[in-house]
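Text of target.txt (compact mmCIF, C-alpha atoms) as supplied:
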# COMPACT_ATOMS: atom_id res chain seq x y z
CA VAL V 1 39.09 17.24 -43.77
CA GLN V 2 36.62 14.86 -42.18
CA ASP V 3 33.70 13.74 -44.29
CA GLU V 4 30.46 15.50 -43.46
CA GLU V 5 28.07 13.35 -41.43
CA PRO V 6 25.18 12.12 -43.56
CA GLN V 7 22.01 14.17 -43.12
CA ASN V 8 19.89 11.16 -42.12
CA ASN V 9 22.24 10.32 -39.22
CA ARG V 10 22.13 13.90 -37.93
CA ASP V 11 18.35 13.81 -37.96
CA ASP V 12 18.00 10.46 -36.16
CA SER V 13 18.17 11.84 -32.61
CA GLY V 14 15.48 14.41 -33.32
CA GLY V 15 13.28 11.77 -34.91
CA TYR V 16 13.63 9.46 -31.92
CA ALA V 17 12.81 12.29 -29.53
CA LYS V 18 9.67 13.17 -31.48
CA ALA V 19 8.59 9.54 -31.61
CA ASN V 20 9.16 9.09 -27.90
CA ALA V 21 7.24 12.27 -27.13
CA ALA V 22 4.35 11.10 -29.29
CA LEU V 23 4.27 7.72 -27.56
CA ARG V 24 4.40 9.38 -24.16
CA GLY V 25 1.52 11.62 -25.14
CA LEU V 26 -0.55 8.63 -26.25
CA TYR V 27 0.22 6.85 -22.97
CA GLU V 28 -0.84 9.88 -20.92
CA GLU V 29 -4.06 10.18 -22.92
CA ARG V 30 -4.88 6.51 -22.32
CA MET V 31 -4.13 6.81 -18.60
CA ALA V 32 -6.32 9.92 -18.37
CA ARG V 33 -9.19 8.04 -20.02
CA ASP V 34 -8.68 5.07 -17.70
CA GLU V 35 -8.59 7.37 -14.69
CA ALA V 36 -11.85 9.06 -15.68
CA ARG V 37 -13.52 5.70 -16.37
CA HIS V 38 -12.41 4.19 -13.05
CA GLN V 39 -13.57 7.31 -11.21
CA ARG V 40 -17.04 6.97 -12.77
CA THR V 41 -17.32 3.19 -12.39
CA PRO V 42 -15.30 1.94 -9.41
CA ASP V 43 -14.66 -1.75 -8.91
CA GLU V 44 -16.81 -3.71 -6.49
CA VAL V 45 -14.48 -5.92 -4.47
CA ASN V 46 -15.95 -8.88 -2.63
CA ILE V 47 -14.08 -9.48 0.62
CA GLY V 48 -16.64 -11.85 2.08
CA ALA V 49 -18.62 -9.20 3.94
CA VAL V 50 -22.29 -8.36 3.70
CA ALA V 51 -21.46 -5.77 1.04
CA PRO V 52 -18.49 -5.31 -1.30
CA LEU V 53 -16.01 -2.50 -1.01
CA ARG V 54 -16.15 0.02 -3.83
CA LEU V 55 -12.64 0.93 -4.96
CA TYR V 56 -11.23 3.40 -7.43
CA SER V 57 -8.03 1.77 -8.73
CA LEU V 58 -5.58 2.54 -11.50
CA PRO V 59 -3.21 -0.40 -12.06
CA GLY V 60 -0.11 0.63 -13.94
CA ARG V 61 -0.22 4.25 -12.79
CA HIS V 62 1.42 3.80 -9.39
CA LEU V 63 2.85 0.81 -7.53
CA GLY V 64 0.17 1.02 -4.85
CA ALA V 65 -2.74 1.70 -7.19
CA GLN V 66 -4.02 -1.87 -7.09
CA ILE V 67 -4.88 -4.55 -4.55
CA TRP V 68 -1.83 -6.62 -3.73
CA HIS V 69 -1.79 -10.24 -2.59
CA SER V 70 -1.66 -9.93 1.20
CA GLY V 71 -3.77 -6.78 1.33
CA GLY V 72 -6.78 -8.45 -0.21
CA LEU V 73 -6.43 -11.47 2.04
CA LEU V 74 -6.05 -9.39 5.20
CA ALA V 75 -9.08 -7.27 4.25
CA ARG V 76 -11.12 -10.45 3.89
CA HIS V 77 -9.77 -11.77 7.19
CA LEU V 78 -10.83 -8.57 8.98
CA ALA V 79 -14.25 -8.55 7.31
CA LEU V 80 -14.90 -12.12 8.46
CA GLY V 81 -14.08 -11.26 12.08
CA GLY V 82 -10.62 -12.83 12.06
CA CYS V 83 -9.07 -10.07 14.15
CA PRO V 84 -11.49 -9.02 16.89
CA GLY V 85 -8.63 -7.28 18.70
CA ILE V 86 -8.91 -4.20 16.49
CA ALA V 87 -12.48 -3.46 17.62
CA GLY V 88 -12.67 -0.02 19.17
CA ARG V 89 -9.05 0.80 18.32
CA ARG V 90 -7.69 3.90 16.62
CA CYS V 91 -5.77 2.45 13.70
CA LEU V 92 -2.90 3.70 11.58
CA GLU V 93 -2.47 1.92 8.24
CA LEU V 94 0.99 2.04 6.66
CA GLY V 95 1.44 1.62 2.91
CA ALA V 96 -2.33 1.71 2.45
CA GLY V 97 -2.32 1.77 -1.37
CA LEU V 98 -6.02 1.79 -2.26
CA GLY V 99 -6.95 1.45 1.41
CA VAL V 100 -8.56 -1.97 1.20
CA VAL V 101 -7.28 -3.07 4.63
CA GLY V 102 -8.08 0.14 6.48
CA LEU V 103 -11.51 0.39 4.88
CA ALA V 104 -12.30 -3.20 5.83
CA ALA V 105 -11.18 -2.50 9.40
CA ALA V 106 -13.49 0.51 9.63
CA ALA V 107 -16.47 -0.93 7.77
CA PHE V 108 -16.50 -4.49 9.09
CA GLY V 109 -13.81 -4.84 11.79
CA ASN V 110 -15.40 -2.33 14.21
CA ALA V 111 -12.27 -0.15 14.40
CA HIS V 112 -12.94 3.15 16.13
CA SER V 113 -11.11 5.11 13.41
CA VAL V 114 -8.48 4.58 10.71
CA VAL V 115 -5.89 6.95 9.26
CA LEU V 116 -4.84 5.49 5.91
CA THR V 117 -1.34 6.60 4.91
CA ASP V 118 0.77 6.36 1.81
CA LEU V 119 2.72 8.58 -0.59
CA GLU V 120 1.36 11.89 -1.86
CA GLU V 121 0.51 10.56 -5.33
CA LEU V 122 -1.92 8.03 -3.85
CA GLN V 123 -3.90 10.53 -1.79
CA PRO V 124 -6.58 11.24 -4.44
CA MET V 125 -7.38 7.52 -4.71
CA LEU V 126 -7.43 7.03 -0.96
CA ARG V 127 -9.73 10.01 -0.43
CA ARG V 128 -12.02 8.86 -3.22
CA ASN V 129 -12.22 5.31 -1.82
CA ILE V 130 -13.09 6.60 1.63
CA GLU V 131 -15.87 8.65 0.06
CA LEU V 132 -17.12 5.80 -2.14
CA ASN V 133 -17.64 3.59 0.90
CA GLY V 134 -19.30 6.24 3.06
CA LEU V 135 -16.52 6.15 5.66
CA SER V 136 -15.60 9.83 5.89
CA GLY V 137 -16.76 9.83 9.50
CA THR V 138 -14.25 7.19 10.63
CA CYS V 139 -11.46 7.28 8.03
CA ARG V 140 -9.16 9.87 6.55
CA ALA V 141 -6.17 9.78 4.19
CA GLU V 142 -2.79 11.30 5.03
CA THR V 143 0.70 11.36 3.55
CA LEU V 144 3.34 9.62 5.64
CA ASN V 145 6.85 8.75 4.48
CA TRP V 146 8.40 5.75 6.19
CA GLY V 147 11.13 6.69 8.63
CA THR V 148 9.07 9.58 10.02
CA LEU V 149 6.68 9.71 12.94
CA PRO V 150 2.98 10.49 12.58
CA PRO V 151 2.39 14.12 13.62
CA GLU V 152 1.01 14.63 17.12
CA SER V 153 -1.98 16.37 15.57
CA TRP V 154 -3.15 13.00 14.22
CA GLY V 155 -3.77 11.81 17.76
CA VAL V 156 -2.75 8.61 19.52
CA PHE V 157 -2.96 5.21 17.84
CA ASP V 158 -3.42 1.85 19.50
CA ALA V 159 -3.23 -0.34 16.38
CA VAL V 160 -1.02 -0.41 13.29
CA LEU V 161 -2.22 -2.17 10.14
CA ALA V 162 0.13 -3.12 7.30
CA ALA V 163 -0.02 -5.53 4.37
CA ASP V 164 2.50 -6.24 1.62
CA VAL V 165 4.90 -3.66 3.02
CA VAL V 166 7.84 -6.08 3.28
CA TYR V 167 8.80 -7.02 -0.25
CA PRO V 168 11.93 -7.34 -2.42
CA THR V 169 13.64 -4.02 -3.05
CA LYS V 170 17.09 -2.80 -3.99
CA ASP V 171 16.61 0.08 -1.56
CA THR V 172 16.85 -1.77 1.75
CA ALA V 173 16.96 1.58 3.56
CA MET V 174 13.24 1.81 2.81
CA LEU V 175 12.55 -1.35 4.81
CA PHE V 176 14.56 -0.10 7.77
CA ALA V 177 12.63 3.17 7.57
CA LEU V 178 9.40 1.15 7.68
CA ARG V 179 10.66 -0.70 10.76
CA ASP V 180 11.52 2.58 12.48
CA THR V 181 8.07 4.03 11.85
CA ILE V 182 6.38 0.87 13.15
CA LEU V 183 8.52 0.91 16.30
CA SER V 184 7.86 4.62 16.84
CA VAL V 185 4.14 3.86 17.13
CA CYS V 186 4.27 0.37 18.68
CA ARG V 187 6.18 1.47 21.78
CA LYS V 188 7.11 -0.88 24.58
CA ASP V 189 5.21 1.16 27.13
CA ALA V 190 1.95 1.29 25.18
CA ASP V 191 -0.78 -1.19 24.33
CA VAL V 192 -0.44 -0.88 20.55
CA LEU V 193 -1.43 -3.86 18.43
CA LEU V 194 0.47 -4.60 15.20
CA VAL V 195 -1.44 -6.48 12.49
CA LEU V 196 0.92 -7.34 9.65
CA ALA V 197 0.11 -9.44 6.58
CA TYR V 198 3.10 -10.88 4.74
CA HIS V 199 3.62 -13.03 1.66
CA GLU V 200 7.14 -14.36 1.13
CA ARG V 201 8.63 -13.53 -2.26
CA THR V 202 12.37 -13.91 -1.72
CA ALA V 203 14.78 -15.05 0.97
CA GLU V 204 15.90 -11.43 1.37
CA ASP V 205 12.51 -10.06 2.37
CA ARG V 206 11.93 -13.10 4.61
CA ASP V 207 15.27 -12.50 6.34
CA PHE V 208 14.43 -8.85 6.92
CA LEU V 209 11.08 -9.73 8.45
CA HIS V 210 12.46 -12.39 10.76
CA GLY V 211 15.76 -10.71 11.50
CA GLU V 212 14.93 -7.02 11.77
CA LEU V 213 11.23 -6.61 12.58
CA LEU V 214 9.66 -9.60 14.29
CA PRO V 215 12.32 -9.89 17.06
CA HIS V 216 10.93 -6.65 18.51
CA PHE V 217 7.47 -8.20 19.03
CA ASP V 218 5.65 -10.99 20.80
CA MET V 219 3.61 -12.36 17.91
CA ASP V 220 0.94 -14.88 17.08
CA VAL V 221 0.95 -15.98 13.44
CA LYS V 222 -1.89 -17.38 11.39
CA ASP V 223 -1.89 -18.71 7.84
CA ILE V 224 -4.84 -17.43 5.83
CA GLY V 225 -5.91 -18.03 2.24
CA ASP V 226 -8.72 -17.91 -0.27
CA ASN V 227 -10.58 -20.33 -2.50
CA GLU V 228 -8.02 -19.91 -5.27
CA GLY V 229 -5.19 -21.29 -3.16
CA LEU V 230 -3.50 -17.95 -2.50
CA GLY V 231 -2.18 -17.49 1.01
CA CYS V 232 -0.19 -15.32 3.36
CA GLN V 233 0.72 -15.05 7.02
CA VAL V 234 -0.90 -12.63 9.44
CA TYR V 235 1.23 -11.60 12.41
CA ILE V 236 -0.57 -10.06 15.39
CA GLY V 237 1.19 -8.87 18.50
CA ARG V 238 2.72 -6.17 20.64
CA CYS V 239 6.18 -4.71 21.11
CA ARG V 240 8.34 -6.43 23.71
Before anything else, please render the file you have as structure tokens.
Amino acid sequence: VQDEEPQNNRDDSGGYAKANAALRGLYEERMARDEARHQRTPDEVNIGAVAPLRLYSLPGRHLGAQIWHSGGLLARHLALGGCPGIAGRRCLELGAGLGVVGLAAAAFGNAHSVVLTDLEELQPMLRRNIELNGLSGTCRAETLNWGTLPPESWGVFDAVLAADVVYPTKDTAMLFALRDTILSVCRKDADVLLVLAYHERTAEDRDFLHGELLPHFDMDVKDIGDNEGLGCQVYIGRCR
């Protein structure tokens, strides 16, 4: 007859589960408090324009719930008049995150309109940031999964904005889906401008950019940076 398992060993799994549940509960409570605080007191983000953007962010909650490297730099570039080609254009932003690029394009880049797209979980932040900056008349937030086409009901776009959308990932299918969505909007037979900000992180994401995306476009590239020495490349062009 096998010896009976000690009582403390039998109880360990239940104890761990309770501890993990308690920790998860504490984490959710902290995130709820942070969310409420950020909603009440949004950040004021200086992008070099006459007024800062007001942004509701929640770093740590979602991957896109913060300003990433190239997004902040491209927003500043647009605000300072670095891309006059978007003036009067109907813009689609891919991977908008908090919407810093699309909001800058609408507020300071003279874009005609901007549809800021990202995953469903980021929609409340995008809608709130549009509202915070008084841009409900020219901007709206929509869910768009890469690999799909924007619905016809959204209208026709003549500019695509994207920043920090090419980055290291184990799921390379996601990057090819991004490429397919970009090419579905930036058609050869249409005057659609692509404005893409990119910061190299690994050889793999660089190879994807130069091997799978850029060969479809005639591009001008500009290096931009800030006073802290951070930099990225901005690619501007049209489909071949």
Worksheet item: CA of Gly231 in chain V and CA of His199 in chain V are how many Å apart?
Response: 7.3 Å
Discussion item. Just checking: using all atoms listed in the file, which residue out of V:Ser153, V:Ser136, V:Thr148, V:Ser113 ends up closest to Phe176 in chain V?
Written reply: V:Thr148
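Using all atoms listed in the file for every distance, the candidate list V:Cys139, V:Val100, V:Ala159, V:Ala17 yields V:Val100 as the residue closest to Leu73 in chain V.
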Discussion item. What does the structure give for the distance between CA of Gly81 in chain V and CA of Ala51 in chain V, in Å to one decimal?
Written reply: 14.4 Å
Discussion item. Considering only C-alpha atoms, can you say which of V:Ala107, V:Leu122, V:Leu183, V:Leu230 comes closest to Glu212 in chain V?
Written reply: V:Leu183
Response to the item:
Residue with the minimum atom-to-atom distance to Ala104 in chain V, picked from V:Ile130, V:Leu144, V:Cys239, V:Leu149 with all atoms listed in the file counted, is V:Ile130
Worksheet item: At what distance in Å, to one decimal, does CA of Arg240 in chain V lie from CA of Cys91 in chain V?
Response: 19.4 Å
Give me, as a short mmCIF file (atom, residue, chain, number, x, y, z; two decimals) with C-alpha atoms, in the frame of the given file, all polymer residues having an atom no more than 12 Å from Ile236 in chain V, counting all atoms listed in the file and skipping those fewer than 5 positions away in the same chain.
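Contents of around39.cif, freshly written:
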data_model
loop_
_atom_site.label_atom_id
_atom_site.label_comp_id
_atom_site.auth_asym_id
_atom_site.auth_seq_id
_atom_site.Cartn_x
_atom_site.Cartn_y
_atom_site.Cartn_z
CA LEU V 74 -6.05 -9.39 5.20
CA GLY V 82 -10.62 -12.83 12.06
CA CYS V 83 -9.07 -10.07 14.15
CA PRO V 84 -11.49 -9.02 16.89
CA GLY V 85 -8.63 -7.28 18.70
CA ILE V 86 -8.91 -4.20 16.49
CA ALA V 159 -3.23 -0.34 16.38
CA VAL V 160 -1.02 -0.41 13.29
CA LEU V 161 -2.22 -2.17 10.14
CA ALA V 162 0.13 -3.12 7.30
CA ALA V 163 -0.02 -5.53 4.37
CA CYS V 186 4.27 0.37 18.68
CA VAL V 192 -0.44 -0.88 20.55
CA LEU V 193 -1.43 -3.86 18.43
CA LEU V 194 0.47 -4.60 15.20
CA VAL V 195 -1.44 -6.48 12.49
CA LEU V 196 0.92 -7.34 9.65
CA ALA V 197 0.11 -9.44 6.58
CA TYR V 198 3.10 -10.88 4.74
CA LEU V 214 9.66 -9.60 14.29
CA PHE V 217 7.47 -8.20 19.03
CA ASP V 218 5.65 -10.99 20.80
CA MET V 219 3.61 -12.36 17.91
CA ASP V 220 0.94 -14.88 17.08
CA VAL V 221 0.95 -15.98 13.44
CA LYS V 222 -1.89 -17.38 11.39
CA ASP V 223 -1.89 -18.71 7.84
#
Surrounding residues of Thr202 in chain V excluding itself and chain neighbours under 5 positions, 12 Å, all atoms listed in the file, as a CSV table (one decimal) with C-alpha atoms, keeping the file's coordinate frame:
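File produced: part13.csv:
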chain,number,residue,atom,x,y,z
V,166,VAL,CA,7.8,-6.1,3.3
V,167,TYR,CA,8.8,-7.0,-0.2
V,168,PRO,CA,11.9,-7.3,-2.4
V,169,THR,CA,13.6,-4.0,-3.0
V,207,ASP,CA,15.3,-12.5,6.3
V,208,PHE,CA,14.4,-8.8,6.9
V,209,LEU,CA,11.1,-9.7,8.4
Practice prompt. Write out as a PyMOL selection string each polymer residue whose atoms come within 9 Å of Val50 in chain V, counting all atoms listed in the file; drop sequence neighbours fewer than 3 positions from it.
Written response: chain V and resi 46-47+79+108
Write the residues of the preceding selection, restricted to C-alpha atoms, as a PDB file, in the coordinates of the input.
ATOM      1  CA  ASN V  46     -15.950  -8.880  -2.630  1.00  0.00           C
ATOM      2  CA  ILE V  47     -14.080  -9.480   0.620  1.00  0.00           C
ATOM      3  CA  ALA V  79     -14.250  -8.550   7.310  1.00  0.00           C
ATOM      4  CA  PHE V 108     -16.500  -4.490   9.090  1.00  0.00           C
TER       5      PHE V 108
END
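Proximity of V:Gly97, V:Gly72, V:Gly155, V:Pro215 to Leu53 in chain V, computed with all atoms listed in the file, is greatest for V:Gly72.
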Non-local contacts of Leu116 in chain V (8 Å; all atoms listed in the file; under 2 positions in same chain excluded) as a short mmCIF file (atom, residue, chain, number, x, y, z; two decimals) with C-alpha atoms, in the frame of the given file:
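Once written, selection17.cif looks like this:
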data_model
loop_
_atom_site.label_atom_id
_atom_site.label_comp_id
_atom_site.auth_asym_id
_atom_site.auth_seq_id
_atom_site.Cartn_x
_atom_site.Cartn_y
_atom_site.Cartn_z
CA LEU V 92 -2.90 3.70 11.58
CA GLU V 93 -2.47 1.92 8.24
CA LEU V 94 0.99 2.04 6.66
CA GLY V 95 1.44 1.62 2.91
CA ALA V 96 -2.33 1.71 2.45
CA GLY V 99 -6.95 1.45 1.41
CA GLY V 102 -8.08 0.14 6.48
CA VAL V 114 -8.48 4.58 10.71
CA ASP V 118 0.77 6.36 1.81
CA LEU V 126 -7.43 7.03 -0.96
CA CYS V 139 -11.46 7.28 8.03
CA ARG V 140 -9.16 9.87 6.55
CA ALA V 141 -6.17 9.78 4.19
CA GLU V 142 -2.79 11.30 5.03
#
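Candidate residues V:Leu58, V:Leu175, V:Met125, V:Glu44 were compared for distance to Gly211 in chain V, and the nearest is V:Leu175, using all atoms listed in the file.
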